[in-house]
Amino acid sequence: MQLDSTFSVVAPIDTVWNTLMDFERVAGCVPGAQILNKLSEDAYQVGMKVKLGPVSMQYRGQMNVIERDVDGHRAVFQGKAQETRGQGTAEATVTLQLVESKGTTEGTVSADVSLSGKAAAMGKGVITSVTDQMMALFAENLQTMVGEPAAAAAAATASAASSTAASSTAPSSTAPSSSAAGATSAPAAPRAGSAPADNSLNAFSLAKGMIADQLKDPGKLIGALAAVASIAFFLGRLSRGRRS
């Protein structure tokens, strides 16, 4: 299965590249993803949690960096994972390419994916739409991450300017009080990559936006209804199997 998606971030290309190559940090931008262990500079033990209604899937495997072209801002990854409580597997070869235009960095992600088990039952249409929604969330989180250093610097500059202005207007015989100095201190910057307690990828939540888009096109609506019917049938069989 071939999956292609894009994202864009308002930041210099080198900043985005360096952030993306810091896998342990950027993993928090991907819903449900975790770096469990760093095996080497180019090998990582990874985990992924996915929720599909009442069904929860958890994968564990390894990601390897096959190619890393710093000058060309291109990287190739290979990953293999298996369900921790099932027979499902996932394998992928992913190519990442970055380009910059007018201060915006655009990324293209091309993935050759092979799935088995519960995830494969979702079908390519649903998987593609959920992937697009997930990539949009990833881009938002990445934008916040690369923007934090600039925001912190701006806050520090504003604080310094405020302190200078206060000093110039105060009488020379009066020293500023410690409480006034504390009032102009910059707020603490949020921790990069912080994640909520449950960071699972909720496929149903992502599908809400997908369904809204499908309703605008009758042809896509038919495909979406068929996909939803397939998922409902699969979950019904799974539920009956558990009761028996």
# chains A, B, ... in the order shown; residues from 1 in each chain; ligands from 1

$ residues_around --residues "range 12-26 of chain A" --least-positions-apart "2" --cutoff "8 Å" --atoms "only C-alpha atoms" --output "ChimeraX atom specification"
/A:9-10,28-30,34-35,73,98-100,103-105,142,146,192-193

$ residues_around --residues "Phe7 in chain A" --least-positions-apart "3" --cutoff "7 Å" --atoms "only C-alpha atoms" --output "PyMOL selection string"
chain A and resi 106-108+135-136+139

$ select_by_dssp --residues "range 14-147 of chain A" --states "strand (DSSP E)" --output "PyMOL selection string"
chain A and resi 33-40+43-52+55-69+74-83+89-101+104-116

$ closest_residue --among "A:Ala11, A:Gln97, A:Ser56, A:Arg85" --to "Asp71 in chain A" --atoms "only C-alpha atoms"
A:Gln97
